>>> print(open('entry_28.txt').read())   # compact mmCIF, C-alpha atoms
# COMPACT_ATOMS: atom_id res chain seq x y z
CA GLN O 1 21.97 -3.48 -8.13
CA LYS O 2 23.44 -1.14 -10.74
CA ILE O 3 22.01 -3.25 -13.55
CA MET O 4 18.56 -3.16 -11.94
CA ASN O 5 18.74 0.60 -11.49
CA ALA O 6 19.75 1.06 -15.12
CA SER O 7 16.81 -1.05 -16.24
CA THR O 8 14.44 0.95 -14.06
CA ALA O 9 15.85 4.21 -15.40
CA ASN O 10 15.20 3.06 -18.98
CA ASN O 11 11.55 2.39 -18.12
CA MET O 12 10.96 5.68 -16.29
CA ILE O 13 7.73 7.23 -17.51
CA THR O 14 6.49 10.80 -17.31
CA ASP O 15 3.01 12.27 -17.41
CA LYS O 16 1.82 15.13 -19.61
CA LEU O 17 3.50 17.63 -17.26
CA LEU O 18 6.78 15.68 -17.36
CA ARG O 19 6.41 14.34 -13.81
CA ASN O 20 7.99 10.96 -13.03
CA PHE O 21 6.33 8.21 -11.04
CA LYS O 22 8.32 7.45 -7.87
CA TYR O 23 5.98 7.27 -4.89
CA LEU O 24 2.92 5.12 -4.15
CA ARG O 25 0.58 5.54 -1.20
CA ILE O 26 -1.26 2.28 -0.51
CA SER O 27 -4.45 2.26 1.54
CA ILE O 28 -4.66 -1.27 2.96
CA THR O 29 -8.06 -0.77 4.63
CA ASP O 30 -10.88 1.76 4.43
CA LYS O 31 -11.79 1.16 8.07
CA CYS O 32 -10.67 3.34 10.97
CA ASN O 33 -11.27 3.39 14.72
CA TYR O 34 -11.33 7.22 14.62
CA ARG O 35 -13.96 9.56 13.18
CA CYS O 36 -12.01 12.75 12.42
CA SER O 37 -14.21 15.50 11.02
CA TYR O 38 -11.87 16.28 8.10
CA CYS O 39 -11.65 12.64 7.01
CA MET O 40 -14.43 10.33 8.31
CA PRO O 41 -17.10 12.47 10.01
CA LYS O 42 -19.17 10.28 12.33
CA ASP O 43 -22.57 11.39 11.00
CA ILE O 44 -21.69 9.96 7.57
CA PHE O 45 -19.38 7.07 8.52
CA ASP O 46 -21.86 5.67 11.02
CA LYS O 47 -23.10 2.16 11.80
CA ASP O 48 -24.98 2.07 8.50
CA HIS O 49 -21.94 2.94 6.39
CA GLN O 50 -20.94 0.12 4.04
CA PHE O 51 -17.21 -0.52 4.29
CA LEU O 52 -15.40 -2.80 1.87
CA ARG O 53 -15.96 -6.52 2.35
CA LYS O 54 -12.94 -8.68 3.12
CA ASN O 55 -13.00 -10.31 -0.31
CA GLU O 56 -12.92 -6.87 -1.95
CA LEU O 57 -9.64 -5.92 -0.28
CA LEU O 58 -6.40 -6.53 -2.12
CA SER O 59 -4.51 -9.36 -0.46
CA TYR O 60 -0.93 -8.76 0.59
CA GLU O 61 0.15 -11.03 -2.27
CA GLU O 62 -1.79 -8.90 -4.77
CA ILE O 63 -0.26 -5.71 -3.37
CA ILE O 64 3.22 -7.18 -3.77
CA GLU O 65 2.41 -8.19 -7.34
CA VAL O 66 1.30 -4.64 -8.21
CA VAL O 67 4.35 -3.10 -6.57
CA LYS O 68 6.76 -5.39 -8.43
CA ILE O 69 5.18 -4.32 -11.71
CA LEU O 70 5.17 -0.61 -10.89
CA LYS O 71 8.76 -0.74 -9.68
CA ASP O 72 9.78 -1.23 -13.32
CA TYR O 73 8.45 2.28 -13.99
CA GLY O 74 10.51 3.99 -11.29
CA LEU O 75 8.66 3.33 -8.02
CA GLU O 76 11.04 3.98 -5.09
CA LYS O 77 8.94 4.78 -2.03
CA ILE O 78 5.76 3.38 -0.50
CA ARG O 79 3.63 4.74 2.31
CA LEU O 80 1.09 2.42 3.94
CA THR O 81 -2.10 4.20 4.96
CA GLY O 82 -5.79 3.56 5.58
CA GLY O 83 -8.21 4.17 7.11
CA GLU O 84 -6.08 3.01 10.00
CA PRO O 85 -3.49 0.58 8.60
CA LEU O 86 -2.90 -1.17 11.92
CA LEU O 87 -6.45 -2.55 11.78
CA ARG O 88 -5.16 -4.91 9.08
CA LYS O 89 -3.64 -8.01 10.63
CA ASN O 90 0.04 -8.91 10.29
CA ILE O 91 0.99 -5.73 8.47
CA GLU O 92 4.62 -6.44 9.29
CA LEU O 93 4.48 -9.39 6.84
CA LEU O 94 3.49 -6.99 4.06
CA ILE O 95 6.33 -4.64 5.03
CA ARG O 96 8.90 -7.45 4.91
CA ALA O 97 7.68 -8.57 1.50
CA LEU O 98 7.76 -5.01 0.13
CA LYS O 99 11.38 -4.74 1.23
CA GLU O 100 12.69 -8.23 0.46
CA GLU O 101 10.54 -9.43 -2.46
CA ALA O 102 9.59 -6.19 -4.20
CA LEU O 103 12.94 -4.56 -3.26
CA ILE O 104 11.41 -1.21 -2.30
CA SER O 105 14.09 0.84 -0.56
CA GLU O 106 11.79 3.07 1.52
CA VAL O 107 8.61 1.82 3.20
CA THR O 108 6.84 4.12 5.64
CA MET O 109 3.49 4.24 7.44
CA THR O 110 0.97 6.80 8.65
CA THR O 111 -1.12 5.79 11.67
CA ASN O 112 -3.20 7.44 14.38
CA GLY O 113 -1.00 5.70 16.95
CA SER O 114 -3.85 4.38 19.08
CA LEU O 115 -3.11 0.71 18.33
CA LEU O 116 0.64 0.80 18.84
CA ASP O 117 2.48 -0.86 21.70
CA MET O 118 6.19 -1.57 22.18
CA ASN O 119 5.88 -5.09 20.82
CA LYS O 120 4.21 -3.87 17.60
CA ILE O 121 6.68 -1.01 17.13
CA ASN O 122 9.64 -3.35 17.58
CA LYS O 123 8.14 -5.81 15.10
CA LEU O 124 7.51 -3.09 12.49
CA LYS O 125 11.12 -1.97 12.80
CA GLU O 126 12.45 -5.53 12.73
CA TYR O 127 10.48 -6.35 9.56
CA GLY O 128 11.88 -3.34 7.71
CA LEU O 129 9.66 -0.29 8.22
CA ASN O 130 11.86 2.79 7.65
CA SER O 131 9.86 5.44 9.48
CA MET O 132 6.50 6.23 11.01
CA THR O 133 4.15 9.21 10.95
CA ILE O 134 1.53 9.64 13.67
CA SER O 135 -1.50 11.88 13.30
CA LEU O 136 -2.19 14.14 16.29
CA ASP O 137 -4.31 17.26 15.88
CA SER O 138 -4.48 18.56 19.44
CA LEU O 139 -3.32 18.15 23.03
CA SER O 140 -6.56 19.61 24.37
CA LYS O 141 -9.46 17.35 25.26
CA ASN O 142 -11.95 19.95 24.04
CA SER O 143 -10.62 20.42 20.53
CA THR O 144 -9.78 16.71 20.29
CA ASN O 145 -13.42 15.91 21.04
CA THR O 146 -14.53 18.42 18.41
CA ILE O 147 -12.26 16.98 15.71
CA ASN O 148 -12.53 13.33 16.70
CA PRO O 149 -15.21 12.34 19.21
CA ILE O 150 -14.42 8.60 19.10
CA ASN O 151 -11.51 6.61 20.63
CA ASN O 152 -9.42 9.71 21.28
CA ASP O 153 -7.07 8.44 23.98
CA LEU O 154 -4.49 11.24 23.97
CA LYS O 155 -2.39 9.64 26.70
CA LYS O 156 -2.07 6.43 24.67
CA VAL O 157 -1.06 8.28 21.50
CA LEU O 158 1.52 10.41 23.32
CA GLN O 159 3.02 7.25 24.80
CA SER O 160 3.13 5.73 21.33
CA ILE O 161 5.01 8.77 20.05
CA ASP O 162 7.65 8.39 22.78
CA ASN O 163 7.92 4.68 22.09
CA VAL O 164 8.42 5.23 18.35
CA ILE O 165 11.17 7.75 19.11
CA ASP O 166 12.84 5.17 21.35
CA ILE O 167 12.78 2.47 18.65
CA PHE O 168 13.11 4.46 15.39
CA GLY O 169 15.09 7.43 16.73
CA THR O 170 12.56 9.95 15.44
CA VAL O 171 8.92 10.31 14.39
CA LYS O 172 6.85 12.63 12.21
CA ILE O 173 3.66 14.06 13.68
CA ASN O 174 0.91 15.37 11.40
CA MET O 175 -1.37 18.12 12.68
CA VAL O 176 -4.26 19.25 10.47
CA VAL O 177 -4.89 22.88 11.45
CA ILE O 178 -8.48 24.14 11.26
CA LYS O 179 -9.17 27.79 12.03
CA SER O 180 -11.17 28.37 15.23
CA ILE O 181 -11.04 24.65 16.04
CA ASN O 182 -7.43 23.86 16.91
CA ASP O 183 -5.26 26.75 15.68
CA ASP O 184 -4.92 27.80 19.32
CA GLU O 185 -3.15 24.44 19.89
CA ILE O 186 -0.23 25.19 17.56
CA MET O 187 2.11 26.66 20.16
CA ARG O 188 1.08 24.12 22.77
CA MET O 189 1.96 21.31 20.37
CA LEU O 190 5.26 22.93 19.51
CA LYS O 191 6.27 23.46 23.12
CA ASN O 192 5.30 19.90 24.02
CA PHE O 193 7.67 18.42 21.42
CA VAL O 194 10.39 21.09 21.19
CA HIS O 195 12.90 19.01 23.18
CA LYS O 196 12.26 15.78 21.26
CA LYS O 197 13.57 14.24 18.02
CA VAL O 198 10.35 14.96 16.18
CA GLU O 199 9.30 16.55 12.92
CA LEU O 200 6.01 18.31 13.64
CA ARG O 201 4.16 18.95 10.39
CA PHE O 202 1.35 21.47 10.12
CA ILE O 203 -1.11 20.60 7.35
CA GLU O 204 -3.52 23.10 5.86
CA TYR O 205 -7.13 21.97 6.07
CA MET O 206 -8.02 20.57 2.62
CA ASP O 207 -11.19 20.08 0.61
CA VAL O 208 -10.65 16.37 0.04
CA GLY O 209 -13.76 14.32 -0.68
CA GLU O 210 -17.34 15.50 -0.29
CA SER O 211 -18.16 14.86 3.35
CA ASN O 212 -16.09 17.26 5.47
CA ASN O 213 -18.04 20.49 4.74
CA TRP O 214 -14.85 22.33 3.80
CA VAL O 215 -14.92 26.10 3.33
CA SER O 216 -11.87 28.24 2.63
CA GLU O 217 -12.61 30.44 5.66
CA ASN O 218 -11.58 27.50 7.86
CA VAL O 219 -8.05 27.37 6.43
CA PHE O 220 -5.31 28.53 8.78
CA THR O 221 -2.43 28.95 6.34
CA SER O 222 1.14 27.83 6.79
CA GLN O 223 2.21 31.47 6.73
CA ASP O 224 -0.18 32.19 9.60
CA THR O 225 1.49 29.35 11.53
CA ILE O 226 5.01 30.56 10.72
CA ASN O 227 4.14 34.08 11.88
CA LEU O 228 2.81 32.66 15.13
CA ILE O 229 5.90 30.54 15.80
CA LYS O 230 8.35 33.35 14.95
CA GLN O 231 6.95 35.39 17.81
CA GLU O 232 8.66 32.99 20.24
CA TYR O 233 11.22 30.90 18.34
CA GLY O 234 13.90 31.34 15.72
CA LEU O 235 13.49 29.28 12.55
CA ILE O 236 16.33 27.96 10.39
CA LYS O 237 15.35 26.83 6.88
CA ILE O 238 16.24 23.24 5.94
CA GLU O 239 16.82 22.41 2.29
CA ASP O 240 13.86 20.46 0.93
CA ARG O 241 13.99 17.55 -1.51
CA ASN O 242 12.89 18.52 -5.02
CA ASP O 243 9.79 16.32 -4.81
CA SER O 244 8.92 17.09 -1.17
CA THR O 245 5.37 18.11 -0.35
CA SER O 246 6.48 19.94 2.78
CA GLU O 247 8.78 22.85 3.57
CA SER O 248 11.00 22.06 6.56
CA TRP O 249 12.53 24.23 9.24
CA GLN O 250 14.63 23.69 12.36
CA ILE O 251 13.66 25.33 15.63
CA ASP O 252 16.82 27.25 16.52
CA GLY O 253 18.56 25.68 19.51
CA TYR O 254 16.25 22.65 19.79
CA PRO O 255 16.03 19.16 18.23
CA LEU O 256 12.49 19.78 16.94
CA LYS O 257 11.99 20.18 13.21
CA ILE O 258 8.78 21.57 11.78
CA GLY O 259 7.25 21.13 8.36
CA PHE O 260 4.45 22.82 6.46
CA ILE O 261 2.18 21.09 3.95
CA SER O 262 0.50 23.99 2.17
CA SER O 263 -1.87 22.31 -0.27
CA ILE O 264 -4.23 25.28 -0.30
CA SER O 265 -1.99 28.35 -0.12
CA LYS O 266 1.07 26.96 -1.89
CA PRO O 267 0.20 23.93 -4.04
CA PHE O 268 2.95 21.54 -5.15
CA CYS O 269 1.23 19.94 -8.14
CA ASN O 270 4.14 20.72 -10.49
CA THR O 271 6.43 18.26 -8.66
CA CYS O 272 3.86 15.62 -7.69
CA ASN O 273 5.32 12.19 -8.41
CA ARG O 274 2.85 10.08 -6.43
CA GLY O 275 -0.07 7.82 -7.11
CA ARG O 276 -2.57 6.26 -4.72
CA LEU O 277 -3.81 2.69 -4.55
CA SER O 278 -7.09 2.10 -2.73
CA ALA O 279 -7.69 -0.93 -0.53
CA ASP O 280 -9.80 -2.55 -3.27
CA GLY O 281 -7.25 -1.97 -6.03
CA LYS O 282 -8.23 1.31 -7.69
CA PHE O 283 -5.36 3.57 -8.79
CA TYR O 284 -5.86 7.33 -8.34
CA THR O 285 -3.62 9.87 -10.01
CA CYS O 286 -4.49 12.72 -7.61
CA LEU O 287 -5.72 13.27 -4.06
CA PHE O 288 -8.63 15.20 -5.57
CA SER O 289 -9.56 12.53 -8.13
CA ASP O 290 -13.15 11.63 -8.85
CA TYR O 291 -12.22 8.45 -10.69
CA GLY O 292 -10.04 5.41 -9.91
CA HIS O 293 -8.52 3.06 -12.50
CA ASN O 294 -9.36 -0.57 -11.75
CA ILE O 295 -6.04 -2.36 -11.30
CA SER O 296 -7.64 -5.24 -9.38
CA HIS O 297 -9.43 -6.29 -12.58
CA TYR O 298 -6.07 -7.19 -14.11
CA LEU O 299 -4.95 -9.03 -10.98
CA ARG O 300 -8.08 -11.16 -10.77
CA SER O 301 -8.68 -11.96 -14.41
CA SER O 302 -6.79 -14.08 -16.91
CA SER O 303 -4.72 -11.04 -17.89
CA ASN O 304 -0.96 -11.31 -17.57
CA ASN O 305 1.46 -8.81 -16.07
CA GLU O 306 2.17 -7.26 -19.46
CA ASP O 307 -1.48 -6.22 -19.73
CA LEU O 308 -1.28 -4.51 -16.33
CA LYS O 309 2.01 -2.84 -17.26
CA LYS O 310 0.45 -1.40 -20.43
CA PHE O 311 -2.65 -0.33 -18.50
CA PHE O 312 -0.60 1.52 -15.89
CA LYS O 313 1.73 3.11 -18.45
CA ASN O 314 -1.28 4.50 -20.27
CA ILE O 315 -2.74 5.88 -17.03
CA TRP O 316 0.45 7.69 -16.06
CA THR O 317 1.41 9.03 -19.48
CA GLN O 318 -2.10 10.51 -19.85
CA ARG O 319 -2.01 12.07 -16.34
CA ASP O 320 -2.37 15.86 -16.26
CA ASP O 321 -3.80 16.47 -12.74
CA GLN O 322 -3.05 19.83 -11.14
CA TYR O 323 -6.28 20.47 -9.26
CA SER O 324 -4.79 22.49 -6.38
CA GLN O 325 -2.66 24.56 -8.75
CA ILE O 326 -5.43 25.72 -11.06
CA ARG O 327 -8.54 25.98 -8.90
CA PHE O 328 -7.71 29.51 -7.70
CA THR O 329 -5.99 30.71 -10.87
CA ARG O 330 -7.88 29.38 -13.89
CA LYS O 331 -10.91 31.28 -15.09
CA ASN O 332 -14.00 29.14 -15.64
CA PHE O 333 -12.53 26.49 -13.33
CA LYS O 334 -15.11 23.80 -12.67
CA ARG O 335 -14.89 22.17 -9.27
CA LYS O 336 -14.81 18.39 -9.46
CA LYS O 337 -17.92 16.62 -8.32
CA ASN O 338 -17.88 13.42 -6.28
CA LYS O 339 -14.22 13.67 -5.27
CA VAL O 340 -13.00 10.46 -3.65
CA GLU O 341 -13.00 10.44 0.17
CA MET O 342 -9.65 10.77 1.94
CA SER O 343 -10.36 7.69 4.07
CA TYR O 344 -10.66 5.59 0.88
CA ILE O 345 -7.27 6.50 -0.59
CA GLY O 346 -5.32 7.36 2.55
CA GLY O 347 -4.64 11.06 2.07
>>> encode(input="entry_28.txt", output="structure tokens")
Amino acid sequence: QKIMNASTANNMITDKLLRNFKYLRISITDKCNYRCSYCMPKDIFDKDHQFLRKNELLSYEEIIEVVKILKDYGLEKIRLTGGEPLLRKNIELLIRALKEEALISEVTMTTNGSLLDMNKINKLKEYGLNSMTISLDSLSKNSTNTINPINNDLKKVLQSIDNVIDIFGTVKINMVVIKSINDDEIMRMLKNFVHKKVELRFIEYMDVGESNNWVSENVFTSQDTINLIKQEYGLIKIEDRNDSTSESWQIDGYPLKIGFISSISKPFCNTCNRGRLSADGKFYTCLFSDYGHNISHYLRSSSNNEDLKKFFKNIWTQRDDQYSQIRFTRKNFKRKKNKVEMSYIGG
């Protein structure tokens, strides 16, 4: 193990802002059974929308091949996303291979929780999944219907959350906060989970992609949320990891932890060590990218692994993305056109 770590350390690469590559988010499908307004609004992702064909998706074997190659450059953590990742069959087989064949120490997943049952949760744990994050934006039927009018079975998702806690010991819950839509649900969410081993993470509404009609007036900032919570609860700061995208706090006197992902008001571009792999094998260097590098070409041609290694090394060493950092500070900043949709690269 020490020899392998030393080898990996020697191959560590940095981008133009001296950021390492450690974390890969892999979208394993672009399909989802939800139609959340901030991700896959139903008027755009309707029955006429062309999703990826099965033969366009990376196979599990191809994903493992990519991960093994990228591990040489410092990859330590993987998050499986979608779309909704549980729509892809036998995902537990991918998880086991990531752990046992690719030797990735931390494999996690983000899901909407609607397709989980005890059997699936047990299997995910048994096959090596380290932790799970469930998206839940409201406990109110009204605001849930506004954000996601399709397949929004709150009771099922809440049961899934309890089941994950039972099996994994804890769960992260992601809540995207949109002003005048669900900001009045913040305290209700907090009080619902305050006695549970949960990390409730409040995410600022982001301008990802081109389809969610984002305007800055709809952003309810993390500071707004903190001010609201402090009116009723004491907060104790938890030390954050250097590369963490969230700031974490403990609710004083309760097991609940809370986190804040402040992409708009407090960008974290300067420590971003993550890349994103789309379901059809495009590598994106930023959540706000308008261009993906075609890794699948190297997997499905006569190229060898060395060609893919060189291709990836060139991508990362030329990376200089800091979209969130500079959009409000740089004069003459030009907003990217045709930013990739969140549902395509998994957030």
>>> residues_around(input="entry_28.txt", residues="O:Leu52", least_positions_apart="2", cutoff="12 Å", atoms="all atoms listed in the file", output="PyMOL selection string")
chain O and resi 28-32+49-50+54-58+83+278-281+343-344
>>> atom_distance(input="entry_28.txt", atom1="atom CA of O:Leu93", atom2="atom CA of O:Val198")
26.7 Å
>>> closest_residue(input="entry_28.txt", among="O:Asn122, O:Ser114, O:Ser296, O:Gln250", to="O:Ser59", atoms="only C-alpha atoms")
O:Ser296
>>> residues_around(input="entry_28.txt", residues="O:Leu287", least_positions_apart="4", cutoff="12 Å", atoms="all atoms listed in the file", output="PyMOL selection string")
chain O and resi 24-25+206-209+263+269+272-278+283+291-292+321-324+336+339-347
>>> write_last_selection(input="entry_28.txt", atoms="C-alpha atoms", output="PDB file, in the coordinates of the input")
ATOM      1  CA  LEU O  24       2.920   5.120  -4.150  1.00  0.00           C
ATOM      2  CA  ARG O  25       0.580   5.540  -1.200  1.00  0.00           C
ATOM      3  CA  MET O 206      -8.020  20.570   2.620  1.00  0.00           C
ATOM      4  CA  ASP O 207     -11.190  20.080   0.610  1.00  0.00           C
ATOM      5  CA  VAL O 208     -10.650  16.370   0.040  1.00  0.00           C
ATOM      6  CA  GLY O 209     -13.760  14.320  -0.680  1.00  0.00           C
ATOM      7  CA  SER O 263      -1.870  22.310  -0.270  1.00  0.00           C
ATOM      8  CA  CYS O 269       1.230  19.940  -8.140  1.00  0.00           C
ATOM      9  CA  CYS O 272       3.860  15.620  -7.690  1.00  0.00           C
ATOM     10  CA  ASN O 273       5.320  12.190  -8.410  1.00  0.00           C
ATOM     11  CA  ARG O 274       2.850  10.080  -6.430  1.00  0.00           C
ATOM     12  CA  GLY O 275      -0.070   7.820  -7.110  1.00  0.00           C
ATOM     13  CA  ARG O 276      -2.570   6.260  -4.720  1.00  0.00           C
ATOM     14  CA  LEU O 277      -3.810   2.690  -4.550  1.00  0.00           C
ATOM     15  CA  SER O 278      -7.090   2.100  -2.730  1.00  0.00           C
ATOM     16  CA  PHE O 283      -5.360   3.570  -8.790  1.00  0.00           C
ATOM     17  CA  TYR O 291     -12.220   8.450 -10.690  1.00  0.00           C
ATOM     18  CA  GLY O 292     -10.040   5.410  -9.910  1.00  0.00           C
ATOM     19  CA  ASP O 321      -3.800  16.470 -12.740  1.00  0.00           C
ATOM     20  CA  GLN O 322      -3.050  19.830 -11.140  1.00  0.00           C
ATOM     21  CA  TYR O 323      -6.280  20.470  -9.260  1.00  0.00           C
ATOM     22  CA  SER O 324      -4.790  22.490  -6.380  1.00  0.00           C
ATOM     23  CA  LYS O 336     -14.810  18.390  -9.460  1.00  0.00           C
ATOM     24  CA  LYS O 339     -14.220  13.670  -5.270  1.00  0.00           C
ATOM     25  CA  VAL O 340     -13.000  10.460  -3.650  1.00  0.00           C
ATOM     26  CA  GLU O 341     -13.000  10.440   0.170  1.00  0.00           C
ATOM     27  CA  MET O 342      -9.650  10.770   1.940  1.00  0.00           C
ATOM     28  CA  SER O 343     -10.360   7.690   4.070  1.00  0.00           C
ATOM     29  CA  TYR O 344     -10.660   5.590   0.880  1.00  0.00           C
ATOM     30  CA  ILE O 345      -7.270   6.500  -0.590  1.00  0.00           C
ATOM     31  CA  GLY O 346      -5.320   7.360   2.550  1.00  0.00           C
ATOM     32  CA  GLY O 347      -4.640  11.060   2.070  1.00  0.00           C
TER      33      GLY O 347
END
>>> residues_around(input="entry_28.txt", residues="stretch 102-110 of chain O", least_positions_apart="5", cutoff="7 Å", atoms="all atoms listed in the file", output="PDB file with C-alpha atoms, in the coordinates of the input")
ATOM      1  CA  ILE O  64       3.220  -7.180  -3.770  1.00  0.00           C
ATOM      2  CA  VAL O  67       4.350  -3.100  -6.570  1.00  0.00           C
ATOM      3  CA  LYS O  68       6.760  -5.390  -8.430  1.00  0.00           C
ATOM      4  CA  GLU O  76      11.040   3.980  -5.090  1.00  0.00           C
ATOM      5  CA  LYS O  77       8.940   4.780  -2.030  1.00  0.00           C
ATOM      6  CA  ILE O  78       5.760   3.380  -0.500  1.00  0.00           C
ATOM      7  CA  ARG O  79       3.630   4.740   2.310  1.00  0.00           C
ATOM      8  CA  LEU O  80       1.090   2.420   3.940  1.00  0.00           C
ATOM      9  CA  THR O  81      -2.100   4.200   4.960  1.00  0.00           C
ATOM     10  CA  ALA O  97       7.680  -8.570   1.500  1.00  0.00           C
ATOM     11  CA  LEU O 129       9.660  -0.290   8.220  1.00  0.00           C
ATOM     12  CA  ASN O 130      11.860   2.790   7.650  1.00  0.00           C
ATOM     13  CA  SER O 131       9.860   5.440   9.480  1.00  0.00           C
ATOM     14  CA  MET O 132       6.500   6.230  11.010  1.00  0.00           C
ATOM     15  CA  THR O 133       4.150   9.210  10.950  1.00  0.00           C
ATOM     16  CA  ILE O 134       1.530   9.640  13.670  1.00  0.00           C
TER      17      ILE O 134
END
>>> closest_residue(input="entry_28.txt", among="O:Ile121, O:Ile251, O:Ile44, O:Tyr38", to="O:Lys237", atoms="all atoms listed in the file")
O:Ile251
>>> atom_distance(input="entry_28.txt", atom1="atom CA of O:Leu98", atom2="atom CA of O:Thr14")
23.6 Å
>>> residues_around(input="entry_28.txt", residues="stretch 147-162 of chain O", least_positions_apart="6", cutoff="6 Å", atoms="all atoms listed in the file", output="list in words")
Tyr34, Arg35, Cys36, Ser37, Gly113 and Ser114 of chain O
